[in-house]
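This is upload-v1.txt. It holds compact mmCIF, C-alpha atoms and all ligand atoms.
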# COMPACT_ATOMS: atom_id res chain seq x y z
CA MET L 1 -9.31 -15.04 -21.25
CA SER L 2 -7.17 -18.13 -20.92
CA ALA L 3 -8.37 -21.46 -19.52
CA THR L 4 -8.91 -21.59 -15.76
CA PRO L 5 -5.88 -23.27 -14.18
CA LYS L 6 -6.29 -26.01 -11.59
CA PRO L 7 -6.47 -24.41 -8.13
CA LEU L 8 -3.93 -24.99 -5.38
CA LEU L 9 -6.06 -26.33 -2.59
CA PRO L 10 -5.69 -25.85 1.20
CA GLY L 11 -2.82 -27.93 2.51
CA ALA L 12 -0.47 -26.50 -0.12
CA THR L 13 2.30 -24.12 0.96
CA LEU L 14 2.08 -20.48 -0.10
CA GLY L 15 5.20 -18.32 0.04
CA VAL L 16 5.68 -14.59 0.42
CA LEU L 17 8.73 -12.46 -0.28
CA GLY L 18 8.93 -9.90 2.50
CA GLY L 19 8.00 -10.26 6.14
CA GLY L 20 6.34 -6.93 6.99
CA GLN L 21 2.83 -6.32 8.26
CA LEU L 22 1.23 -6.99 4.88
CA GLY L 23 2.93 -10.38 4.81
CA ARG L 24 1.77 -11.06 8.36
CA MET L 25 -1.87 -10.35 7.52
CA PHE L 26 -1.56 -12.45 4.35
CA VAL L 27 -0.13 -15.32 6.43
CA HIS L 28 -2.96 -15.06 8.95
CA VAL L 29 -5.59 -15.39 6.23
CA ALA L 30 -3.76 -18.15 4.32
CA GLN L 31 -3.50 -20.16 7.54
CA ARG L 32 -7.16 -19.53 8.38
CA MET L 33 -8.00 -21.05 5.00
CA GLY L 34 -5.88 -24.13 5.70
CA TYR L 35 -2.67 -23.34 3.85
CA GLN L 36 0.89 -23.69 5.09
CA THR L 37 3.00 -20.55 4.75
CA ALA L 38 6.63 -19.65 4.15
CA VAL L 39 8.14 -16.17 4.51
CA LEU L 40 11.49 -15.00 3.17
CA ASP L 41 12.80 -11.92 5.02
CA PRO L 42 16.29 -11.12 6.33
CA ASP L 43 14.94 -9.88 9.68
CA ALA L 44 14.68 -12.63 12.31
CA GLN L 45 11.96 -10.60 14.07
CA SER L 46 9.91 -9.71 10.98
CA PRO L 47 6.15 -9.44 11.69
CA ALA L 48 5.25 -12.14 9.13
CA GLY L 49 8.20 -14.42 9.88
CA LEU L 50 7.10 -14.58 13.52
CA VAL L 51 3.72 -16.11 12.63
CA SER L 52 4.56 -18.25 9.58
CA HIS L 53 5.07 -22.04 9.46
CA HIS L 54 8.44 -21.42 7.82
CA HIS L 55 10.72 -18.39 7.97
CA ILE L 56 13.70 -18.30 5.65
CA CYS L 57 15.99 -15.67 7.09
CA THR L 58 18.14 -14.55 4.14
CA ASN L 59 18.45 -11.59 1.83
CA TYR L 60 15.91 -11.42 -1.00
CA LEU L 61 18.48 -12.26 -3.67
CA ASP L 62 20.28 -15.00 -1.74
CA PRO L 63 20.36 -18.00 -4.13
CA GLN L 64 20.05 -20.55 -1.32
CA GLY L 65 17.19 -18.68 0.33
CA LEU L 66 15.30 -18.43 -2.94
CA ALA L 67 15.95 -22.11 -3.72
CA GLN L 68 14.65 -23.07 -0.27
CA LEU L 69 11.51 -20.95 -0.76
CA GLY L 70 10.96 -22.47 -4.20
CA ALA L 71 11.34 -26.00 -2.82
CA LEU L 72 8.92 -25.43 0.07
CA CYS L 73 6.14 -23.65 -1.84
CA GLN L 74 3.68 -24.33 -4.61
CA ALA L 75 3.19 -20.59 -5.34
CA VAL L 76 4.83 -17.33 -4.26
CA THR L 77 3.66 -13.73 -3.88
CA THR L 78 5.22 -10.53 -2.55
CA GLU L 79 4.19 -7.99 0.05
CA PHE L 80 6.90 -5.38 0.08
CA GLU L 81 7.26 -2.41 -2.21
CA ASN L 82 10.93 -2.88 -2.89
CA VAL L 83 11.56 -6.62 -3.05
CA PRO L 84 13.92 -6.89 -6.03
CA ALA L 85 11.90 -7.83 -9.11
CA ASP L 86 14.81 -10.11 -9.98
CA ALA L 87 14.05 -12.32 -6.98
CA LEU L 88 10.55 -12.86 -8.40
CA ALA L 89 11.99 -13.56 -11.85
CA GLN L 90 14.34 -16.20 -10.43
CA LEU L 91 11.51 -17.92 -8.53
CA ALA L 92 9.24 -17.80 -11.58
CA ARG L 93 11.55 -20.27 -13.34
CA ALA L 94 10.49 -22.91 -10.81
CA LEU L 95 6.91 -22.12 -9.74
CA PRO L 96 3.96 -19.74 -10.26
CA VAL L 97 4.76 -16.22 -9.02
CA SER L 98 2.17 -13.47 -8.75
CA PRO L 99 2.35 -10.63 -9.41
CA SER L 100 4.96 -11.08 -12.15
CA ALA L 101 8.46 -9.67 -11.95
CA HIS L 102 7.54 -7.53 -14.96
CA ALA L 103 4.57 -5.88 -13.22
CA VAL L 104 6.56 -5.32 -10.01
CA ALA L 105 9.49 -3.83 -11.94
CA ILE L 106 7.15 -1.27 -13.53
CA ALA L 107 5.52 -0.39 -10.18
CA GLN L 108 8.98 0.07 -8.65
CA ASP L 109 9.95 2.77 -11.12
CA ARG L 110 7.88 5.97 -11.16
CA ALA L 111 8.92 6.88 -14.68
CA ARG L 112 7.96 3.47 -16.12
CA GLU L 113 4.81 3.43 -14.00
CA LYS L 114 3.69 6.78 -15.40
CA ALA L 115 4.43 5.64 -18.96
CA HIS L 116 2.27 2.57 -18.32
CA PHE L 117 -0.63 4.71 -17.05
CA VAL L 118 -0.40 6.91 -20.14
CA GLN L 119 -0.36 3.82 -22.35
CA CYS L 120 -3.56 2.63 -20.64
CA GLY L 121 -5.23 5.97 -21.39
CA VAL L 122 -5.40 6.97 -17.72
CA PRO L 123 -4.61 10.66 -16.96
CA VAL L 124 -1.43 11.41 -14.94
CA ALA L 125 -0.06 14.63 -13.42
CA PRO L 126 2.04 16.76 -15.79
CA HIS L 127 5.61 15.59 -15.18
CA ALA L 128 9.14 15.26 -16.52
CA VAL L 129 11.71 12.53 -16.08
CA ILE L 130 15.07 13.84 -14.84
CA GLU L 131 18.06 11.56 -15.29
CA SER L 132 20.70 14.02 -16.50
CA HIS L 133 21.70 17.67 -16.15
CA ASP L 134 20.45 18.23 -19.70
CA GLN L 135 16.99 16.95 -18.80
CA LEU L 136 17.05 19.09 -15.66
CA ALA L 137 17.75 22.20 -17.73
CA LEU L 138 14.90 21.35 -20.14
CA VAL L 139 12.21 21.12 -17.45
CA PRO L 140 9.42 23.56 -18.40
CA ASP L 141 8.50 26.33 -15.95
CA SER L 142 4.92 25.07 -16.07
CA LEU L 143 5.91 22.15 -13.79
CA LEU L 144 6.72 24.54 -10.92
CA PRO L 145 5.80 24.53 -8.11
CA GLY L 146 6.26 20.79 -8.13
CA ILE L 147 7.38 17.72 -6.22
CA LEU L 148 10.66 16.04 -7.11
CA LYS L 149 10.39 12.31 -6.42
CA THR L 150 13.08 9.66 -6.77
CA SER L 151 12.04 7.17 -9.45
CA ARG L 152 12.92 4.24 -7.26
CA MET L 153 12.70 3.19 -3.59
CA GLY L 154 10.39 5.98 -2.40
CA TYR L 155 7.53 5.24 0.00
CA ASP L 156 5.50 7.03 2.66
CA GLY L 157 6.65 10.41 1.33
CA LYS L 158 10.35 9.47 1.58
CA GLY L 159 12.60 10.46 -1.33
CA GLN L 160 10.46 13.51 -2.18
CA LEU L 161 11.15 17.25 -2.03
CA ARG L 162 8.77 20.11 -2.76
CA VAL L 163 10.25 22.82 -4.97
CA THR L 164 8.92 26.19 -6.10
CA THR L 165 11.81 27.69 -8.08
CA ARG L 166 14.45 26.43 -10.51
CA GLU L 167 17.14 27.07 -7.89
CA GLU L 168 15.24 24.89 -5.42
CA LEU L 169 14.80 22.23 -8.09
CA ASN L 170 18.54 22.14 -8.81
CA ALA L 171 19.36 21.99 -5.12
CA ALA L 172 16.74 19.29 -4.53
CA TRP L 173 18.13 17.08 -7.30
CA ALA L 174 21.61 17.44 -5.77
CA GLN L 175 20.18 16.65 -2.33
CA LEU L 176 18.62 13.46 -3.73
CA GLY L 177 22.06 12.46 -5.02
CA HIS L 178 21.42 13.14 -8.74
CA VAL L 179 19.55 9.80 -8.99
CA ALA L 180 16.81 9.29 -11.57
CA CYS L 181 13.78 11.35 -10.55
CA VAL L 182 10.37 12.46 -11.73
CA LEU L 183 9.30 16.06 -11.26
CA GLU L 184 5.55 16.32 -10.90
CA LYS L 185 3.53 19.50 -11.05
CA MET L 186 1.93 20.26 -7.68
CA LEU L 187 -1.79 19.76 -8.21
CA PRO L 188 -4.65 21.36 -6.24
CA LEU L 189 -6.07 18.31 -4.53
CA ALA L 190 -9.69 18.20 -3.42
CA GLY L 191 -9.00 14.72 -2.08
CA GLU L 192 -7.38 11.37 -2.65
CA CYS L 193 -8.85 7.93 -3.25
CA SER L 194 -7.71 4.44 -4.14
CA VAL L 195 -9.09 1.25 -5.61
CA ILE L 196 -7.99 -2.31 -4.95
CA VAL L 197 -8.48 -4.77 -7.77
CA ALA L 198 -7.79 -8.49 -7.76
CA ARG L 199 -7.15 -10.19 -11.07
CA GLY L 200 -6.89 -13.90 -11.65
CA ARG L 201 -4.71 -15.81 -14.09
CA ASP L 202 -7.86 -16.37 -16.20
CA GLY L 203 -8.38 -12.60 -16.55
CA SER L 204 -11.32 -12.39 -14.13
CA CYS L 205 -11.20 -9.15 -12.17
CA VAL L 206 -13.00 -8.01 -9.00
CA HIS L 207 -12.54 -4.89 -6.88
CA LEU L 208 -13.13 -3.45 -3.44
CA PRO L 209 -15.23 -0.27 -3.06
CA VAL L 210 -13.46 3.05 -3.69
CA GLN L 211 -11.54 4.22 -0.62
CA ARG L 212 -11.22 7.90 0.36
CA ASN L 213 -7.81 8.58 1.87
CA LEU L 214 -6.31 11.31 4.02
CA HIS L 215 -2.51 11.58 4.00
CA ARG L 216 -0.48 13.51 6.57
CA ASP L 217 3.22 14.21 5.97
CA GLY L 218 3.08 11.90 2.93
CA ILE L 219 1.83 8.94 5.03
CA LEU L 220 -1.69 7.52 4.94
CA ALA L 221 -3.49 8.60 8.12
CA VAL L 222 -7.20 7.82 7.64
CA THR L 223 -9.27 5.82 5.13
CA GLU L 224 -13.06 6.21 4.99
CA VAL L 225 -15.26 3.89 2.94
CA TRP L 226 -19.00 3.87 2.36
CA GLY L 227 -21.39 4.27 -0.54
CA GLY L 228 -21.54 7.88 -1.69
CA ASN L 229 -18.22 8.69 -0.04
CA VAL L 230 -16.92 9.79 -3.42
CA SER L 231 -19.18 10.88 -6.26
CA ALA L 232 -20.62 8.10 -8.41
CA GLU L 233 -18.78 9.53 -11.42
CA VAL L 234 -15.38 9.55 -9.70
CA ALA L 235 -15.98 6.05 -8.31
CA GLN L 236 -16.89 4.64 -11.69
CA GLN L 237 -13.89 6.29 -13.39
CA ALA L 238 -11.49 5.14 -10.66
CA VAL L 239 -12.62 1.51 -10.88
CA ALA L 240 -12.44 1.53 -14.69
CA ALA L 241 -8.95 3.09 -14.58
CA ALA L 242 -7.67 0.58 -12.02
CA GLN L 243 -9.03 -2.32 -14.08
CA ALA L 244 -7.40 -0.93 -17.23
CA VAL L 245 -4.06 -0.58 -15.43
CA ALA L 246 -4.27 -4.20 -14.22
CA GLN L 247 -5.33 -5.53 -17.57
CA GLY L 248 -2.58 -3.61 -19.38
CA LEU L 249 -0.02 -5.45 -17.23
CA ASP L 250 -1.77 -8.80 -17.62
CA TYR L 251 -1.63 -8.56 -13.86
CA VAL L 252 -2.23 -11.53 -11.54
CA GLY L 253 -2.82 -10.71 -7.88
CA VAL L 254 -3.97 -7.77 -5.77
CA LEU L 255 -3.15 -4.30 -7.09
CA CYS L 256 -3.87 -0.93 -5.49
CA VAL L 257 -4.14 2.15 -7.69
CA GLU L 258 -4.04 5.55 -5.96
CA PHE L 259 -5.69 8.66 -7.37
CA PHE L 260 -5.88 12.39 -6.83
CA VAL L 261 -9.27 14.06 -7.10
CA LEU L 262 -8.72 17.63 -8.30
CA ALA L 263 -10.68 20.70 -7.30
CA ASP L 264 -12.65 20.56 -10.59
CA GLY L 265 -13.61 16.90 -9.95
CA ALA L 266 -11.11 15.48 -12.47
CA LEU L 267 -9.39 12.24 -11.59
CA VAL L 268 -5.61 11.81 -11.96
CA VAL L 269 -3.76 8.56 -11.22
CA ASN L 270 -0.90 8.93 -8.72
CA GLU L 271 0.77 5.56 -8.32
CA MET L 272 0.18 1.85 -7.91
CA ALA L 273 1.25 -0.77 -5.41
CA PRO L 274 1.61 -4.36 -6.67
CA ARG L 275 0.21 -5.89 -3.48
CA PRO L 276 -2.45 -5.33 -0.81
CA HIS L 277 -2.37 -1.76 0.46
CA ASN L 278 -2.74 0.16 3.69
CA SER L 279 -5.89 1.82 2.29
CA GLY L 280 -7.50 -1.63 1.90
CA HIS L 281 -7.17 -2.72 5.53
CA TYR L 282 -10.79 -1.77 6.33
CA SER L 283 -11.80 -4.76 4.17
CA GLN L 284 -10.68 -7.09 6.97
CA ASP L 285 -13.66 -6.05 9.10
CA ALA L 286 -16.07 -4.32 6.71
CA CYS L 287 -16.16 -6.65 3.68
CA ASP L 288 -17.11 -10.29 3.25
CA VAL L 289 -13.81 -10.93 1.44
CA SER L 290 -10.70 -9.00 2.54
CA GLN L 291 -7.84 -7.86 0.33
CA PHE L 292 -5.64 -10.56 1.89
CA GLU L 293 -8.12 -13.30 1.05
CA LEU L 294 -8.18 -11.92 -2.49
CA GLN L 295 -4.38 -12.26 -2.55
CA VAL L 296 -4.63 -15.91 -1.44
CA ARG L 297 -7.36 -16.64 -3.99
CA CYS L 298 -5.39 -15.06 -6.84
CA MET L 299 -2.17 -16.91 -6.17
CA ALA L 300 -3.97 -20.22 -5.56
CA ASP L 301 -6.13 -19.84 -8.70
CA LEU L 302 -9.29 -20.03 -6.61
CA PRO L 303 -12.45 -18.32 -7.91
CA LEU L 304 -12.70 -14.56 -7.42
CA THR L 305 -16.09 -13.34 -6.27
CA GLN L 306 -16.98 -9.68 -6.10
CA PRO L 307 -16.48 -8.60 -2.45
CA ARG L 308 -19.43 -6.97 -0.67
CA GLN L 309 -18.96 -4.25 1.93
CA HIS L 310 -21.43 -4.90 4.75
CA SER L 311 -20.60 -1.95 7.02
CA PRO L 312 -19.47 1.63 6.59
CA ALA L 313 -15.85 1.75 7.77
CA ILE L 314 -13.04 4.03 8.88
CA MET L 315 -9.43 2.97 9.29
CA LEU L 316 -7.03 4.92 11.51
CA ASN L 317 -3.35 4.21 10.99
CA LEU L 318 -1.49 3.70 14.25
CA LEU L 319 1.98 5.18 13.78
CA GLY L 320 4.72 4.85 16.36
CA ASP L 321 4.17 8.54 17.19
CA LEU L 322 1.14 7.51 19.25
CA TRP L 323 3.35 5.63 21.70
CA PHE L 324 4.96 8.96 22.60
CA SER L 325 2.02 11.32 22.45
CA GLN L 326 -0.37 12.57 25.06
CA PRO L 327 -4.06 12.40 24.19
CA LEU L 328 -5.72 15.50 22.76
CA GLY L 329 -3.22 17.13 20.53
CA ALA L 330 0.27 17.14 22.07
CA ASP L 331 2.93 17.43 19.38
CA PRO L 332 3.95 13.80 18.93
CA LYS L 333 7.34 14.61 17.45
CA GLY L 334 8.15 17.07 20.21
CA ALA L 335 6.87 14.71 22.88
CA CYS L 336 9.13 11.99 21.53
CA HIS L 337 12.42 13.59 22.50
CA GLY L 338 13.73 11.79 25.53
CA ALA L 339 10.27 10.49 26.41
CA ALA L 340 9.80 6.80 27.13
CA ALA L 341 7.35 4.94 24.90
CA SER L 342 4.06 4.18 26.60
CA GLU L 343 1.32 1.89 25.36
CA PRO L 344 -1.76 3.68 23.96
CA PRO L 345 -5.01 3.20 25.98
CA TRP L 346 -6.23 0.10 24.14
CA ALA L 347 -8.87 -0.88 26.69
CA GLN L 348 -10.54 2.53 26.46
CA VAL L 349 -10.44 2.42 22.67
CA LEU L 350 -11.88 -1.08 22.57
CA ALA L 351 -14.72 0.00 24.87
CA LEU L 352 -16.05 1.96 21.86
CA PRO L 353 -18.51 -0.06 19.73
CA GLY L 354 -17.31 -1.48 16.42
CA THR L 355 -13.58 -1.01 17.02
CA HIS L 356 -11.22 -3.69 15.65
CA LEU L 357 -7.56 -3.48 16.69
CA HIS L 358 -4.79 -4.80 14.43
CA LEU L 359 -1.21 -4.63 15.75
CA TYR L 360 1.73 -5.90 13.74
CA GLY L 361 3.92 -7.32 16.52
CA LYS L 362 6.75 -4.82 16.03
CA HIS L 363 8.94 -4.73 19.11
CA GLU L 364 9.85 -1.07 19.12
CA ALA L 365 7.68 1.97 18.45
CA ARG L 366 9.39 4.68 16.39
CA VAL L 367 8.06 7.97 15.05
CA GLY L 368 6.55 7.40 11.57
CA ARG L 369 6.69 3.59 11.90
CA LYS L 370 3.48 1.73 11.06
CA MET L 371 2.67 -0.21 14.24
CA GLY L 372 -0.92 -1.18 13.50
CA HIS L 373 -4.33 0.13 12.51
CA LEU L 374 -7.76 0.48 14.03
CA ASN L 375 -10.79 -0.38 11.92
CA ILE L 376 -14.11 1.08 12.96
CA THR L 377 -17.33 -0.38 11.57
CA ALA L 378 -20.84 0.88 12.28
CA ALA L 379 -24.37 0.75 10.96
CA THR L 380 -24.13 4.25 9.44
CA PRO L 381 -21.31 6.51 8.23
CA GLN L 382 -22.24 9.06 10.93
CA ALA L 383 -21.94 6.46 13.67
CA ALA L 384 -18.58 5.31 12.30
CA ARG L 385 -17.31 8.91 12.26
CA THR L 386 -18.49 9.57 15.81
CA VAL L 387 -16.66 6.52 17.15
CA ALA L 388 -13.58 7.15 14.99
CA LEU L 389 -13.25 10.70 16.32
CA GLN L 390 -13.60 9.45 19.90
CA ALA L 391 -10.93 6.80 19.27
CA ALA L 392 -8.69 9.38 17.60
CA ALA L 393 -8.96 11.67 20.63
CA LEU L 394 -8.07 8.83 23.01
CA LEU L 395 -5.09 7.84 20.87
CA GLY L 396 -3.73 11.33 20.15
CA VAL L 397 -4.55 11.18 16.42
CA ALA L 398 -5.44 14.67 15.15
CA PRO L 399 -9.14 15.04 14.23
CA PHE L 400 -10.10 14.76 10.56
P1 LIG L 501 4.70 7.73 -1.82
O1 LIG L 501 5.23 6.79 -2.84
O2 LIG L 501 5.71 8.06 -0.78
O3 LIG L 501 3.36 7.31 -1.26
P2 LIG L 501 3.26 9.75 -3.37
O4 LIG L 501 3.75 10.08 -4.71
O5 LIG L 501 2.04 8.93 -3.26
O6 LIG L 501 4.49 9.10 -2.58
O7 LIG L 501 3.07 11.10 -2.55
C1 LIG L 501 2.69 11.10 -1.20
C2 LIG L 501 1.59 12.14 -0.99
O8 LIG L 501 2.05 13.46 -1.34
C3 LIG L 501 0.37 11.92 -1.83
O9 LIG L 501 -0.51 10.96 -1.27
C4 LIG L 501 -0.23 13.34 -1.87
O10 LIG L 501 -0.88 13.63 -0.65
C5 LIG L 501 1.01 14.22 -1.96
N1 LIG L 501 1.36 14.45 -3.39
C6 LIG L 501 2.15 13.68 -4.16
N2 LIG L 501 2.25 14.14 -5.41
C7 LIG L 501 1.48 15.25 -5.48
C8 LIG L 501 1.16 16.19 -6.53
N3 LIG L 501 1.66 16.07 -7.77
N4 LIG L 501 0.33 17.23 -6.20
C9 LIG L 501 -0.16 17.36 -4.95
N5 LIG L 501 0.09 16.51 -3.93
C10 LIG L 501 0.91 15.45 -4.17
MG MG L 502 1.56 7.15 -2.20
Go through the file and emit its structure as structure tokens.
Ligand code: ADP
Ligand code: MG
Amino acid sequence: MSATPKPLLPGATLGVLGGGQLGRMFVHVAQRMGYQTAVLDPDAQSPAGLVSHHHICTNYLDPQGLAQLGALCQAVTTEFENVPADALAQLARALPVSPSAHAVAIAQDRAREKAHFVQCGVPVAPHAVIESHDQLALVPDSLLPGILKTSRMGYDGKGQLRVTTREELNAAWAQLGHVACVLEKMLPLAGECSVIVARGRDGSCVHLPVQRNLHRDGILAVTEVWGGNVSAEVAQQAVAAAQAVAQGLDYVGVLCVEFFVLADGALVVNEMAPRPHNSGHYSQDACDVSQFELQVRCMADLPLTQPRQHSPAIMLNLLGDLWFSQPLGADPKGACHGAAASEPPWAQVLALPGTHLHLYGKHEARVGRKMGHLNITAATPQAARTVALQAAALLGVAPF
């Protein structure tokens, strides 16, 4: 552990690269704590830019934009999966940047990310890196059926193709444009979970409780969190693995590590996100310190205290599909064609006890677009599930 640096106190200006919903929620918390905020995002209507003290509207690598951000801020963080690591490296010459360009560069590349997990002694899915026709030919049959994933720029299931035969694998690599890919063996999943850790510059590390996640079409749909939600053994292993991954990167900031739980109970790491994560949104309403406050504390070198979950919680993701769907199971994609968007029945949803609505201020609903989320807190897991299923039915989210 290194010496504790002097904290940046409220009144200072905190910057964020990327203006999406994660940046918006970061800005809200930073402002609540008395900080000024600056957002750099090329979109004039970005969710975070709309609520920040300052919005620098340039590309991420624009030298003038970066210089302006550096001049305004006393520390900078990032919120977006694919902000160029080089933008962070440039800023780091002038002011503290967390997480580091190095950590972000590893998280942005599936092949490097997997190598890092292996180096930390954390189990990964059997896989092969494919960057050439020779490597493609050498892929062992044991990796099929598998999922071919682009090494870079994938998110929410984009840039992935499922393959069962060698012919399909060859065709899939061509379809992905022969870019660098990782082929992963398809694993029999009993479930998925994730852990959010926050690590300070002094090496102190705290974590949120283990989240159980349900993905649909490669996108997070539901997160459920309460004690006993995953077995004590899995929870303990997942937290230890996430901490090892953070420590191995000498990470500063909030990091989410996602896991597969296999049918035999074994835990396999899937991927990491160098920022707050969709699966941590429940912490806004169910924990005494949210993942966004942890992000503020890390970058400002404030003390990290172990967050406490005070209520069982369920988070429902609100995708743009819901603006086109009818309640109770209409096919949202089918319903979308030619249909006008209509606002979901918020008043009815908010009549249910313990519902907390978070909308990101995006102007247009589109299928698959993350528009917001609904957190449900209750005194017991059963009560949270009952309300969550009622809310899901009202919104047109399939039951879970
Ligand atoms: P993204 O970066 O788009 O989130 P992931 O690699 O996390 O991509 O994959 C998205 C989802 O696809 C996962 O959450 C999981 O449900 C499923 N998936 C991914 N890889 C595997 C695998 N090797 N075996 C089984 N399911 C997988
Ligand atoms: Mg994922």
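Residues lying within 8 Å of Val195 in chain L, counting only C-alpha atoms and ignoring same-chain neighbours fewer than 3 positions away, are His207, Leu208, Pro209, Val210, Gln211, Ala238, Val239, Ala242, Cys256, Val257 and Glu258 of chain L.
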Might you pull out every residue within 12 Å of Ala137 in chain L, with only C-alpha atoms counted and same-chain residues fewer than 2 positions away left off, and present them as a list of chain:residue names?
L:Ala128, L:Val129, L:Ile130, L:Glu131, L:Ser132, L:His133, L:Asp134, L:Gln135, L:Val139, L:Pro140, L:Asp141, L:Arg166, L:Glu167, L:Leu169, L:Asn170, L:Trp173
Nearest residue to ligand LIG 501 (chain L) out of L:Glu233, L:Asp86, L:Glu271, L:Asp264, using all atoms listed in the file?
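Smallest distance to ligand LIG 501 (chain L) is found for L:Glu271.
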Could you list, as a ChimeraX atom specification, all the residues within 8 Å of ligand MG 502 (chain L), counting all atoms listed in the file?
/L:155-157,218-220,258,270-272
Looking at L:Gly361, L:Gly177, L:Val387, L:Cys120, which one is nearest to Gly19 in chain L, with distances taken over all atoms listed in the file?
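The closest residue to Gly19 in chain L is L:Gly361.
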Ligand LIG 501 (chain L): which residues are within 9 Å, counting all atoms listed in the file? Reply as a VMD selection string.
chain L and resid 110 125 to 127 146 to 149 153 to 160 183 to 189 191 to 192 213 to 220 258 to 260 270 to 273
Once you count all atoms listed in the file, which residues end up no further than 9 Å from (9.9, -8.7, 10.8) in the file's frame, shown as a list of chain:residue names?
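The residues near that point, listed by chain and number, are L:Gly18, L:Gly19, L:Gly20, L:Gln21, L:Arg24, L:Asp41, L:Pro42, L:Asp43, L:Ala44, L:Gln45, L:Ser46, L:Pro47, L:Ala48, L:Gly49, L:Leu50, L:Gly361, L:Lys362.
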Write the selection just made, keeping C-alpha atoms, as a PDB file, in the frame of the given file?
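Contents of result_0.pdb, as written:
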ATOM      1  CA  GLY L  18       8.930  -9.900   2.500  1.00  0.00           C
ATOM      2  CA  GLY L  19       8.000 -10.260   6.140  1.00  0.00           C
ATOM      3  CA  GLY L  20       6.340  -6.930   6.990  1.00  0.00           C
ATOM      4  CA  GLN L  21       2.830  -6.320   8.260  1.00  0.00           C
ATOM      5  CA  ARG L  24       1.770 -11.060   8.360  1.00  0.00           C
ATOM      6  CA  ASP L  41      12.800 -11.920   5.020  1.00  0.00           C
ATOM      7  CA  PRO L  42      16.290 -11.120   6.330  1.00  0.00           C
ATOM      8  CA  ASP L  43      14.940  -9.880   9.680  1.00  0.00           C
ATOM      9  CA  ALA L  44      14.680 -12.630  12.310  1.00  0.00           C
ATOM     10  CA  GLN L  45      11.960 -10.600  14.070  1.00  0.00           C
ATOM     11  CA  SER L  46       9.910  -9.710  10.980  1.00  0.00           C
ATOM     12  CA  PRO L  47       6.150  -9.440  11.690  1.00  0.00           C
ATOM     13  CA  ALA L  48       5.250 -12.140   9.130  1.00  0.00           C
ATOM     14  CA  GLY L  49       8.200 -14.420   9.880  1.00  0.00           C
ATOM     15  CA  LEU L  50       7.100 -14.580  13.520  1.00  0.00           C
ATOM     16  CA  GLY L 361       3.920  -7.320  16.520  1.00  0.00           C
ATOM     17  CA  LYS L 362       6.750  -4.820  16.030  1.00  0.00           C
TER      18      LYS L 362
END
Selected residue, from L:His54, L:Arg162, L:His356, L:His102, that lies nearest to Leu249 in chain L when counting all atoms listed in the file
L:His102
Between CA of Pro399 in chain L and CA of Asp285 in chain L, what distance in Å does the model show, to one decimal?
22.2 Å
To one decimal place, how far is CA of Leu95 in chain L from CA of Ala71 in chain L in Å?
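CA of Ala71 in chain L lies 9.1 Å from CA of Leu95 in chain L.
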So that I can see what lies close to Pro63 in chain L, please list as an NGL selection string the residues with an atom at most 12 Å from it, counting only C-alpha atoms and leaving out residues fewer than 2 positions away in the same chain.
:L and (40 or 56 or 58-61 or 65-70 or 86-88 or 90-91)
Selected residues written out with C-alpha atoms, as a compact mmCIF listing (two decimals), in the frame of the given file:
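Written out: again_27.txt:
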# COMPACT_ATOMS: atom_id res chain seq x y z
CA LEU L 40 11.49 -15.00 3.17
CA ILE L 56 13.70 -18.30 5.65
CA THR L 58 18.14 -14.55 4.14
CA ASN L 59 18.45 -11.59 1.83
CA TYR L 60 15.91 -11.42 -1.00
CA LEU L 61 18.48 -12.26 -3.67
CA GLY L 65 17.19 -18.68 0.33
CA LEU L 66 15.30 -18.43 -2.94
CA ALA L 67 15.95 -22.11 -3.72
CA GLN L 68 14.65 -23.07 -0.27
CA LEU L 69 11.51 -20.95 -0.76
CA GLY L 70 10.96 -22.47 -4.20
CA ASP L 86 14.81 -10.11 -9.98
CA ALA L 87 14.05 -12.32 -6.98
CA LEU L 88 10.55 -12.86 -8.40
CA GLN L 90 14.34 -16.20 -10.43
CA LEU L 91 11.51 -17.92 -8.53
May I ask for the distance between CA of Met25 in chain L and CA of Gln236 in chain L, given in Å to one decimal place?
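The value is 28.6 Å.
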Is there a way to get, as a list of chain:residue names, all residues within 6 Å of the point (-13.1, 9.9, -1.9) in file coordinates, counting only C-alpha atoms?
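Here is the list of nearby residues: L:Glu192, L:Cys193, L:Arg212, L:Asn229, L:Val230.
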Go ahead and dump the residues you just picked, C-alpha atoms, as a PDB file, keeping the file's coordinate frame.
ATOM      1  CA  GLU L 192      -7.380  11.370  -2.650  1.00  0.00           C
ATOM      2  CA  CYS L 193      -8.850   7.930  -3.250  1.00  0.00           C
ATOM      3  CA  ARG L 212     -11.220   7.900   0.360  1.00  0.00           C
ATOM      4  CA  ASN L 229     -18.220   8.690  -0.040  1.00  0.00           C
ATOM      5  CA  VAL L 230     -16.920   9.790  -3.420  1.00  0.00           C
TER       6      VAL L 230
END
Got a sec: who's within 12 Å of Leu22 in chain L, counting only C-alpha atoms, leaving out chain neighbours fewer than 2 positions off, as an NGL selection string?
:L and (16-20 or 24-29 or 39 or 46-49 or 77-81 or 254 or 274-281 or 291-293 or 295 or 358-361 or 370-373)
Residue with the minimum atom-to-atom distance to Glu168 in chain L, picked from L:Arg152, L:Pro145, L:Ala313, L:Gln348 with only C-alpha atoms counted, is L:Pro145
From L:Asp62, L:Asp202, L:Glu224, L:Asp109, residue lying nearest Asn375 in chain L [all atoms listed in the file]
L:Glu224
L:Leu374, L:Leu161, L:Ala391, L:Ala111: which is nearest Val124 in chain L, counting all atoms listed in the file?
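Of the candidates, the smallest distance to Val124 in chain L is held by L:Ala111.
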